[in-house]
$ cat query-v1.txt   # compact mmCIF, C-alpha atoms and all ligand atoms
# COMPACT_ATOMS: atom_id res chain seq x y z
CA MET K 1 -24.50 29.49 -27.65
CA GLU K 2 -21.15 30.15 -26.04
CA LEU K 3 -21.32 30.78 -22.30
CA LYS K 4 -19.90 34.12 -21.20
CA ASN K 5 -18.24 33.67 -17.88
CA ILE K 6 -16.40 36.76 -16.77
CA THR K 7 -14.04 36.54 -13.83
CA ILE K 8 -13.78 39.75 -11.89
CA GLU K 9 -11.21 40.53 -9.22
CA SER K 10 -12.41 41.86 -5.87
CA ASN K 11 -10.75 42.71 -2.59
CA ASN K 12 -12.20 39.52 -1.07
CA GLY K 13 -10.15 37.47 -3.51
CA ASN K 14 -11.79 36.59 -6.81
CA PHE K 15 -15.49 36.48 -7.34
CA ASN K 16 -17.14 35.35 -10.46
CA TYR K 17 -19.44 37.28 -12.77
CA ALA K 18 -21.22 34.53 -14.61
CA LEU K 19 -23.45 35.69 -17.42
CA PHE K 20 -25.48 32.91 -19.01
CA PRO K 21 -27.43 32.83 -22.26
CA ALA K 22 -30.17 30.71 -20.59
CA LEU K 23 -31.92 30.91 -17.22
CA GLU K 24 -31.00 27.28 -16.49
CA GLY K 25 -27.40 28.42 -16.03
CA VAL K 26 -28.49 30.80 -13.27
CA SER K 27 -30.64 28.14 -11.54
CA ALA K 28 -27.79 25.61 -11.62
CA GLU K 29 -25.34 28.08 -10.00
CA LEU K 30 -27.85 29.04 -7.30
CA GLN K 31 -28.67 25.37 -6.66
CA LYS K 32 -24.96 24.73 -5.96
CA ILE K 33 -24.98 27.41 -3.25
CA SER K 34 -28.22 26.10 -1.68
CA SER K 35 -26.85 22.58 -1.50
CA SER K 36 -24.12 23.57 0.97
CA HIS K 37 -25.35 26.72 2.79
CA SER K 38 -28.43 28.21 4.35
CA VAL K 39 -29.74 30.69 1.80
CA PHE K 40 -32.30 33.50 1.99
CA TYR K 41 -33.65 35.33 -1.01
CA ILE K 42 -34.63 38.97 -1.49
CA VAL K 43 -36.44 39.16 -4.83
CA ASP K 44 -37.91 42.03 -6.86
CA SER K 45 -41.72 41.56 -6.87
CA LYS K 46 -42.06 41.76 -10.67
CA VAL K 47 -39.26 39.26 -11.16
CA TYR K 48 -40.83 36.93 -8.61
CA LYS K 49 -44.15 37.00 -10.43
CA LEU K 50 -42.59 36.52 -13.87
CA TYR K 51 -40.11 33.80 -12.94
CA LYS K 52 -41.90 32.08 -10.03
CA PRO K 53 -41.17 28.46 -11.09
CA ILE K 54 -37.42 29.16 -10.81
CA PHE K 55 -37.79 30.26 -7.19
CA ASP K 56 -40.21 27.44 -6.33
CA ASP K 57 -37.42 25.02 -7.26
CA LEU K 58 -34.72 26.88 -5.35
CA VAL K 59 -36.11 28.04 -2.03
CA ASN K 60 -38.94 27.58 0.49
CA ARG K 61 -41.42 30.40 0.08
CA ASP K 62 -40.90 31.28 3.73
CA ASP K 63 -37.21 31.99 3.13
CA LEU K 64 -37.93 34.42 0.31
CA PHE K 65 -38.68 38.12 0.80
CA VAL K 66 -40.58 39.80 -2.03
CA PHE K 67 -39.43 43.41 -2.43
CA THR K 68 -41.30 46.13 -4.34
CA ALA K 69 -38.65 48.13 -6.20
CA THR K 70 -39.45 51.82 -5.81
CA GLU K 71 -37.13 54.66 -4.76
CA GLU K 72 -39.46 55.21 -1.73
CA ASN K 73 -38.79 51.62 -0.65
CA LYS K 74 -35.03 52.13 -0.94
CA SER K 75 -35.24 53.23 2.67
CA PHE K 76 -34.45 52.58 6.32
CA ASP K 77 -38.01 51.28 6.81
CA SER K 78 -37.32 48.54 4.25
CA LEU K 79 -34.00 47.76 5.92
CA PHE K 80 -35.68 47.26 9.29
CA THR K 81 -38.25 44.94 7.67
CA LEU K 82 -35.43 43.00 6.02
CA TYR K 83 -33.47 42.76 9.29
CA ASP K 84 -36.60 41.32 10.96
CA PHE K 85 -37.04 38.84 8.12
CA LEU K 86 -33.43 37.67 8.55
CA LEU K 87 -33.57 37.68 12.34
CA ASN K 88 -36.73 35.55 12.39
CA ARG K 89 -34.98 32.93 10.29
CA ASN K 90 -31.85 32.69 12.43
CA THR K 91 -29.66 34.03 9.63
CA ASP K 92 -26.01 34.12 10.68
CA ARG K 93 -22.76 35.34 9.16
CA GLY K 94 -22.30 32.08 7.28
CA SER K 95 -25.71 32.39 5.60
CA TYR K 96 -26.01 33.51 2.01
CA ILE K 97 -28.35 36.29 0.99
CA VAL K 98 -29.23 36.13 -2.68
CA VAL K 99 -30.57 39.44 -4.00
CA VAL K 100 -32.46 39.18 -7.28
CA GLY K 101 -33.62 42.26 -9.17
CA GLY K 102 -32.60 45.62 -10.57
CA GLY K 103 -30.49 48.33 -8.96
CA ILE K 104 -33.09 49.32 -6.36
CA THR K 105 -33.46 45.79 -4.98
CA GLY K 106 -29.71 45.24 -5.38
CA ASP K 107 -28.66 48.40 -3.50
CA THR K 108 -31.16 47.86 -0.66
CA GLY K 109 -30.64 44.10 -0.32
CA SER K 110 -26.85 44.46 -0.47
CA PHE K 111 -26.88 47.14 2.22
CA ALA K 112 -28.99 44.83 4.42
CA ALA K 113 -26.52 41.97 3.76
CA SER K 114 -23.52 44.20 4.46
CA THR K 115 -24.84 45.42 7.81
CA PHE K 116 -26.79 42.47 9.23
CA MET K 117 -24.49 41.03 11.93
CA ARG K 118 -21.73 43.18 10.34
CA GLY K 119 -22.04 41.29 7.08
CA THR K 120 -23.40 38.05 5.68
CA LYS K 121 -22.44 36.39 2.40
CA LEU K 122 -23.98 38.13 -0.58
CA VAL K 123 -24.83 36.89 -4.08
CA LEU K 124 -26.29 39.28 -6.64
CA VAL K 125 -28.56 38.23 -9.48
CA PRO K 126 -29.05 41.40 -11.55
CA THR K 127 -32.17 41.26 -13.74
CA THR K 128 -32.14 44.70 -15.40
CA LEU K 129 -29.57 45.87 -17.94
CA LEU K 130 -28.56 48.71 -15.62
CA ALA K 131 -27.90 46.28 -12.78
CA MET K 132 -26.00 43.88 -15.07
CA VAL K 133 -23.62 46.53 -16.41
CA ASP K 134 -23.40 48.91 -13.50
CA SER K 135 -24.97 48.58 -10.05
CA SER K 136 -23.94 44.98 -9.37
CA ILE K 137 -20.25 45.79 -9.97
CA GLY K 138 -18.09 47.90 -7.68
CA GLY K 139 -19.55 47.12 -4.28
CA LYS K 140 -21.62 50.26 -3.68
CA THR K 141 -24.71 49.56 -1.59
CA GLY K 142 -27.15 51.98 -0.02
CA VAL K 143 -30.52 53.52 0.60
CA ASN K 144 -32.03 56.98 0.16
CA TYR K 145 -32.23 59.25 3.21
CA LYS K 146 -34.77 62.07 3.41
CA LYS K 147 -34.46 63.81 0.01
CA TYR K 148 -30.91 62.56 -0.52
CA LYS K 149 -30.44 59.70 -2.95
CA ASN K 150 -28.06 56.84 -2.07
CA PHE K 151 -26.89 58.90 0.89
CA ILE K 152 -26.39 56.16 3.46
CA GLY K 153 -24.54 53.06 2.38
CA SER K 154 -21.43 50.97 2.36
CA PHE K 155 -18.87 49.37 0.10
CA TYR K 156 -19.50 45.64 0.16
CA GLU K 157 -18.51 43.08 -2.44
CA PRO K 158 -20.68 40.10 -3.35
CA GLU K 159 -19.24 36.58 -3.44
CA ALA K 160 -20.65 36.21 -6.94
CA VAL K 161 -22.74 37.93 -9.58
CA ILE K 162 -24.86 35.50 -11.58
CA SER K 163 -27.24 36.44 -14.38
CA SER K 164 -28.72 35.67 -17.75
CA VAL K 165 -29.60 37.91 -20.70
CA LYS K 166 -32.95 36.05 -20.78
CA PHE K 167 -34.16 38.24 -17.91
CA LEU K 168 -34.01 41.21 -20.26
CA GLU K 169 -36.77 39.81 -22.47
CA THR K 170 -39.41 40.85 -19.92
CA LEU K 171 -37.92 44.25 -19.13
CA ASP K 172 -39.89 47.40 -19.95
CA PRO K 173 -38.32 49.15 -23.01
CA ASN K 174 -37.68 52.29 -20.92
CA ASP K 175 -35.69 50.24 -18.41
CA LEU K 176 -33.73 48.67 -21.27
CA LEU K 177 -33.03 52.17 -22.61
CA SER K 178 -31.95 53.28 -19.14
CA GLY K 179 -29.42 50.42 -18.97
CA LEU K 180 -28.20 51.31 -22.47
CA GLY K 181 -27.44 54.81 -21.16
CA GLU K 182 -24.69 53.30 -19.02
CA VAL K 183 -23.46 51.16 -21.94
CA LEU K 184 -23.16 54.35 -24.07
CA LYS K 185 -21.11 55.86 -21.23
CA TYR K 186 -18.72 52.88 -21.21
CA ALA K 187 -18.39 53.28 -24.99
CA LEU K 188 -17.13 56.83 -24.41
CA LEU K 189 -14.66 55.59 -21.77
CA ASP K 190 -13.00 53.03 -24.04
CA ALA K 191 -11.94 53.75 -27.64
CA GLU K 192 -12.15 50.14 -28.80
CA PHE K 193 -15.56 49.61 -27.21
CA PHE K 194 -16.73 52.85 -28.88
CA GLU K 195 -15.92 51.38 -32.29
CA TYR K 196 -17.79 48.17 -31.40
CA CYS K 197 -20.84 50.04 -30.09
CA SER K 198 -20.84 52.43 -33.06
CA GLU K 199 -21.34 49.38 -35.27
CA LYS K 200 -23.79 47.45 -33.10
CA LEU K 201 -25.92 50.11 -31.41
CA THR K 202 -27.91 51.55 -34.26
CA GLY K 203 -30.70 53.17 -32.24
CA SER K 204 -32.90 50.09 -31.97
CA LEU K 205 -33.71 48.34 -28.70
CA GLU K 206 -33.93 45.04 -30.56
CA ILE K 207 -30.45 43.76 -29.82
CA GLY K 208 -29.57 40.14 -30.57
CA GLN K 209 -28.67 37.81 -27.69
CA GLU K 210 -25.07 37.36 -28.75
CA ASP K 211 -24.51 41.12 -29.04
CA LEU K 212 -26.16 41.63 -25.65
CA LEU K 213 -23.81 39.11 -24.06
CA THR K 214 -20.83 40.95 -25.53
CA LEU K 215 -22.14 44.42 -24.63
CA ILE K 216 -22.79 43.40 -21.02
CA GLY K 217 -19.54 41.47 -20.66
CA ARG K 218 -17.41 44.33 -21.98
CA SER K 219 -19.27 46.97 -20.00
CA ALA K 220 -18.88 44.94 -16.79
CA ARG K 221 -15.17 44.56 -17.44
CA ILE K 222 -14.66 48.28 -18.10
CA LYS K 223 -16.49 49.16 -14.89
CA ASN K 224 -14.51 46.61 -12.93
CA ASP K 225 -11.19 47.83 -14.36
CA VAL K 226 -12.01 51.35 -13.18
CA VAL K 227 -13.24 50.38 -9.71
CA THR K 228 -10.29 48.09 -8.97
CA GLN K 229 -8.03 51.16 -9.36
CA ASP K 230 -10.06 53.11 -6.80
CA ARG K 231 -12.39 51.07 -4.60
CA LEU K 232 -13.38 53.90 -2.29
CA ASP K 233 -14.26 56.40 -5.03
CA MET K 234 -11.50 58.90 -4.29
CA LYS K 235 -10.46 59.85 -7.85
CA ALA K 236 -10.00 57.33 -10.71
CA ARG K 237 -13.51 56.02 -10.17
CA HIS K 238 -14.88 59.48 -10.87
CA ALA K 239 -14.46 58.53 -14.55
CA LEU K 240 -17.70 56.59 -14.13
CA ASN K 241 -19.45 59.91 -13.49
CA LEU K 242 -19.18 60.89 -17.16
CA GLY K 243 -22.57 62.41 -18.02
CA HIS K 244 -23.74 61.99 -14.43
CA THR K 245 -23.38 65.58 -13.17
CA PHE K 246 -25.99 66.50 -15.78
CA GLY K 247 -27.85 63.18 -15.42
CA HIS K 248 -28.30 63.30 -11.64
CA ALA K 249 -29.46 66.93 -11.83
CA ILE K 250 -32.06 65.95 -14.48
CA GLU K 251 -33.27 63.08 -12.26
CA SER K 252 -33.51 65.35 -9.26
CA VAL K 253 -35.33 68.25 -11.03
CA SER K 254 -37.80 65.73 -12.52
CA HIS K 255 -38.39 64.35 -8.99
CA PHE K 256 -37.00 61.04 -10.23
CA SER K 257 -39.72 60.56 -12.85
CA ILE K 258 -36.89 60.35 -15.43
CA LYS K 259 -34.97 57.09 -15.18
CA HIS K 260 -31.32 57.21 -14.19
CA GLY K 261 -29.77 55.91 -17.43
CA ILE K 262 -32.10 57.99 -19.60
CA GLY K 263 -30.91 61.10 -17.75
CA VAL K 264 -27.37 59.85 -18.38
CA ILE K 265 -27.91 59.68 -22.17
CA ALA K 266 -28.96 63.34 -22.16
CA GLY K 267 -26.15 64.12 -19.69
CA LEU K 268 -23.53 62.57 -21.98
CA ARG K 269 -24.65 64.99 -24.71
CA GLY K 270 -24.35 67.90 -22.28
CA ALA K 271 -20.86 66.76 -21.24
CA ALA K 272 -19.79 66.41 -24.90
CA PHE K 273 -20.98 69.98 -25.60
CA LEU K 274 -19.17 71.30 -22.52
CA ALA K 275 -15.97 69.57 -23.67
CA HIS K 276 -16.34 71.06 -27.14
CA ARG K 277 -17.23 74.56 -25.91
CA THR K 278 -14.25 74.66 -23.53
CA GLY K 279 -11.82 73.53 -26.24
CA VAL K 280 -11.28 70.02 -24.88
CA MET K 281 -12.98 68.26 -27.82
CA THR K 282 -12.50 69.06 -31.50
CA GLU K 283 -15.43 69.80 -33.81
CA ALA K 284 -14.85 66.52 -35.71
CA VAL K 285 -14.91 64.37 -32.54
CA PHE K 286 -17.92 66.31 -31.20
CA THR K 287 -19.89 65.64 -34.41
CA LYS K 288 -19.06 61.91 -34.25
CA VAL K 289 -19.88 61.57 -30.53
CA ILE K 290 -23.16 63.51 -30.76
CA GLU K 291 -24.30 61.48 -33.78
CA PHE K 292 -23.67 58.31 -31.74
CA LEU K 293 -25.42 59.60 -28.60
CA CYS K 294 -28.45 60.90 -30.53
CA ARG K 295 -29.23 57.49 -32.02
CA TYR K 296 -31.21 56.72 -28.88
CA LYS K 297 -34.15 58.79 -27.72
CA THR K 298 -34.26 60.07 -24.16
CA ASP K 299 -37.32 61.50 -22.42
CA GLU K 300 -39.37 64.30 -24.01
CA SER K 301 -39.95 65.94 -20.64
CA ILE K 302 -36.24 66.82 -20.32
CA LYS K 303 -36.61 69.69 -22.78
CA ARG K 304 -39.24 71.29 -20.53
CA LEU K 305 -37.01 71.27 -17.42
CA ASP K 306 -35.71 74.68 -16.37
CA SER K 307 -31.98 75.12 -17.15
CA GLU K 308 -31.32 77.25 -14.04
CA MET K 309 -32.98 74.58 -11.88
CA ILE K 310 -30.79 71.88 -13.44
CA TYR K 311 -27.73 74.05 -12.76
CA THR K 312 -28.83 74.61 -9.15
CA ALA K 313 -29.42 70.87 -8.69
CA MET K 314 -25.82 70.26 -9.78
CA GLN K 315 -24.65 72.26 -6.74
CA GLY K 316 -26.25 69.65 -4.48
CA ASP K 317 -24.62 66.70 -6.23
CA LYS K 318 -22.37 64.39 -4.21
CA LYS K 319 -19.70 64.98 -6.89
CA ARG K 320 -19.34 68.57 -5.68
CA LEU K 321 -15.85 69.09 -4.22
CA ASN K 322 -14.95 72.09 -2.05
CA GLY K 323 -18.10 73.90 -3.26
CA GLU K 324 -17.33 73.57 -7.01
CA VAL K 325 -19.35 71.51 -9.46
CA LYS K 326 -17.07 68.99 -11.12
CA PHE K 327 -17.42 67.33 -14.50
CA VAL K 328 -15.79 64.43 -16.26
CA LEU K 329 -15.01 65.38 -19.85
CA ILE K 330 -13.55 63.45 -22.76
CA SER K 331 -11.39 64.81 -25.55
CA GLN K 332 -12.26 61.68 -27.54
CA PRO K 333 -13.56 58.22 -26.66
CA GLY K 334 -11.14 56.73 -24.13
CA SER K 335 -9.33 60.01 -23.26
CA LEU K 336 -10.62 61.50 -20.03
CA LEU K 337 -10.27 64.60 -17.92
CA ILE K 338 -11.51 64.01 -14.39
CA ASP K 339 -12.95 66.60 -11.98
CA VAL K 340 -12.95 69.62 -14.31
CA SER K 341 -14.66 72.75 -12.92
CA GLY K 342 -17.28 74.30 -15.17
CA LYS K 343 -18.06 78.04 -15.41
CA LYS K 344 -21.77 78.80 -15.02
CA GLY K 345 -22.14 80.30 -18.52
CA ASP K 346 -20.58 77.23 -20.15
CA VAL K 347 -22.64 74.83 -18.07
CA ILE K 348 -25.94 76.62 -18.80
CA ALA K 349 -25.08 76.67 -22.53
CA SER K 350 -24.42 72.92 -22.32
CA ILE K 351 -27.75 72.31 -20.58
CA ASP K 352 -29.50 74.35 -23.30
CA PHE K 353 -27.71 72.38 -26.01
CA MET K 354 -28.64 69.09 -24.32
CA LYS K 355 -32.32 70.18 -24.22
CA SER K 356 -32.17 71.13 -27.91
CA THR K 357 -31.20 67.52 -28.80
CA ILE K 358 -34.24 65.93 -27.12
N1 LIG T 401 -24.79 50.55 -6.64
C1 LIG T 401 -24.42 51.18 -7.72
O1 LIG T 401 -23.24 51.26 -8.06
C2 LIG T 401 -25.48 51.80 -8.60
C3 LIG T 401 -25.12 52.25 -9.88
C4 LIG T 401 -26.12 52.78 -10.70
C5 LIG T 401 -27.43 52.85 -10.25
N2 LIG T 401 -27.73 52.42 -8.99
C6 LIG T 401 -29.11 52.47 -8.50
O2 LIG T 401 -29.89 51.56 -9.27
C7 LIG T 401 -31.25 51.95 -9.21
C8 LIG T 401 -31.87 51.81 -10.58
O3 LIG T 401 -31.76 50.47 -10.96
P1 LIG T 401 -32.66 49.86 -12.13
O4 LIG T 401 -32.66 50.77 -13.28
O5 LIG T 401 -32.26 48.45 -12.30
O6 LIG T 401 -34.13 50.02 -11.52
P2 LIG T 401 -35.11 49.07 -10.71
O7 LIG T 401 -34.43 48.23 -9.73
O8 LIG T 401 -36.20 49.96 -10.26
O9 LIG T 401 -35.73 48.15 -11.85
C9 LIG T 401 -36.49 48.75 -12.88
C10 LIG T 401 -37.87 48.11 -13.00
O10 LIG T 401 -37.74 46.84 -13.63
C11 LIG T 401 -38.42 45.82 -12.87
N3 LIG T 401 -37.68 44.61 -13.19
C12 LIG T 401 -36.49 44.20 -12.71
N4 LIG T 401 -36.07 43.12 -13.40
C13 LIG T 401 -37.03 42.82 -14.32
C14 LIG T 401 -37.17 41.84 -15.33
N5 LIG T 401 -36.19 40.95 -15.58
N6 LIG T 401 -38.29 41.82 -16.06
C15 LIG T 401 -39.28 42.75 -15.85
N7 LIG T 401 -39.19 43.73 -14.94
C16 LIG T 401 -38.07 43.76 -14.18
C17 LIG T 401 -38.39 46.34 -11.46
O11 LIG T 401 -39.44 45.80 -10.69
C18 LIG T 401 -38.58 47.85 -11.68
O12 LIG T 401 -39.94 48.14 -11.86
C19 LIG T 401 -31.27 53.37 -8.68
O13 LIG T 401 -31.79 53.37 -7.37
C20 LIG T 401 -29.80 53.78 -8.67
O14 LIG T 401 -29.50 54.67 -7.63
C21 LIG T 401 -26.79 51.89 -8.17
$ encode --input "query-v1.txt" --output "structure tokens"
Amino acid sequence: MELKNITIESNNGNFNYALFPALEGVSAELQKISSSHSVFYIVDSKVYKLYKPIFDDLVNRDDLFVFTATEENKSFDSLFTLYDFLLNRNTDRGSYIVVVGGGITGDTGSFAASTFMRGTKLVLVPTTLLAMVDSSIGGKTGVNYKKYKNFIGSFYEPEAVISSVKFLETLDPNDLLSGLGEVLKYALLDAEFFEYCSEKLTGSLEIGQEDLLTLIGRSARIKNDVVTQDRLDMKARHALNLGHTFGHAIESVSHFSIKHGIGVIAGLRGAAFLAHRTGVMTEAVFTKVIEFLCRYKTDESIKRLDSEMIYTAMQGDKKRLNGEVKFVLISQPGSLLIDVSGKKGDVIASIDFMKSTI
């Protein structure tokens, strides 16, 4: 099978996003780094258990930190434990920290790498679909603080992102669905990709390897194109929040029992309704977009969440600007309106519509 090797520009020069069909491609790239640098690994505990022989070949067990990926562990306590792990091994600024796992391990490990001695070299090996298409691109790192999600963090680019679609074979279907939520979002941000996804994403989670490679490669490129216009998330990057004002509020009201990307799928439906109700999106486009978004199930519990509570949770979102809740809306796939204020009546009606689609 053809190797997908995507080169992505970063403000440290160019780093490489290498996406391999087979795990051997990942091992070979990591072996190259180990042969010329001191390397320490931070690895998701499930990934370590499932893929242990790969790590046994790459690194001494003592230089590998096994991390349990929960939102509770995305914390300062974990950072302090990681700093001690690195300190005890004489890690310095020339050392490489390879972070292997989903978005939780990635965000926490990257923040540790970005702050330890003011920054060590970082390599990301995303192993969930969400991490492959979203969290490993754009340089956002961070941990949760008190009840605030991703509240303390930094912008820090990895030297390289290396992965294989093979990792996805062991992923829980709900985590695959969560990653697909972000892919559906990219489809709405890019007209051509929407046409591709409309054909390939039929509602099944059984997606062939070649299609997965293309879906991830194109999603990663769309995200990178957006973030290179606006590294510090001042405006253009807000496009990536499509569906997220609703999605984050759903996550928060469910006390994070609903996965991020699954909340985003529901949130994209809410955002489409809001665009239609406020005259931004025609009936014909709305029908097409909703049919596409409803091919994938979300989480039954969303329909039991209280609409007023979801609305209130939106007020606490980081996307709030000068006290107003802001939305990203599309008039059609690829045509965006960024930071649109929503009137309460319209937003509540959109939440109710979203719940009616679950
Ligand atoms: N930095 C960013 O730009 C950014 C963007 C979006 C989301 N995020 C963050 O990402 C996090 C969510 O990431 P996620 O969805 O990857 O969740 P996650 O890291 O919790 O991974 C999901 C689950 O899959 C397991 N897992 C990982 N790889 C596996 C594999 N190959 N096989 C079997 N199991 C595997 C993990 O142990 C975990 O139980 C959230 O904390 C969110 O805030 C960050």
$ residues_around --input "query-v1.txt" --residues "Glu300 of chain K" --least-positions-apart "6" --cutoff "12 Å" --atoms "all atoms listed in the file" --output "CSV table (one decimal) with C-alpha atoms, in the coordinates of the input"
chain,number,residue,atom,x,y,z
K,254,SER,CA,-37.8,65.7,-12.5
K,257,SER,CA,-39.7,60.6,-12.8
K,258,ILE,CA,-36.9,60.4,-15.4
K,262,ILE,CA,-32.1,58.0,-19.6
K,263,GLY,CA,-30.9,61.1,-17.8
K,266,ALA,CA,-29.0,63.3,-22.2
K,354,MET,CA,-28.6,69.1,-24.3
K,355,LYS,CA,-32.3,70.2,-24.2
K,356,SER,CA,-32.2,71.1,-27.9
K,357,THR,CA,-31.2,67.5,-28.8
K,358,ILE,CA,-34.2,65.9,-27.1
$ closest_residue --input "query-v1.txt" --among "K:Gly217, K:Gly261, K:Gly203, K:Pro53" --to "ligand LIG 401 (chain T)" --atoms "only C-alpha atoms and all ligand atoms"
K:Gly261
$ axis_aligned_box --input "query-v1.txt" --around "segment 221-228 of chain K" --padding-each-side "8 Å" --output "lines of an AutoDock Vina configuration file"
center_x = -13.4
center_y = 48.0
center_z = -13.5
size_x = 22.2
size_y = 22.8
size_z = 25.1
$ residues_near_ligand --input "query-v1.txt" --ligand "ligand LIG 401 (chain T)" --cutoff "9 Å" --atoms "all atoms listed in the file" --output "PyMOL selection string"
chain K and resi 44-47+50-51+67-71+74+100-108+110+126-144+149-150+165-172+174-176+178-179+182+259-261
$ atom_distance --input "query-v1.txt" --atom1 "atom CA of Lys121 of chain K" --atom2 "atom CA of Tyr96 of chain K"
4.6 Å
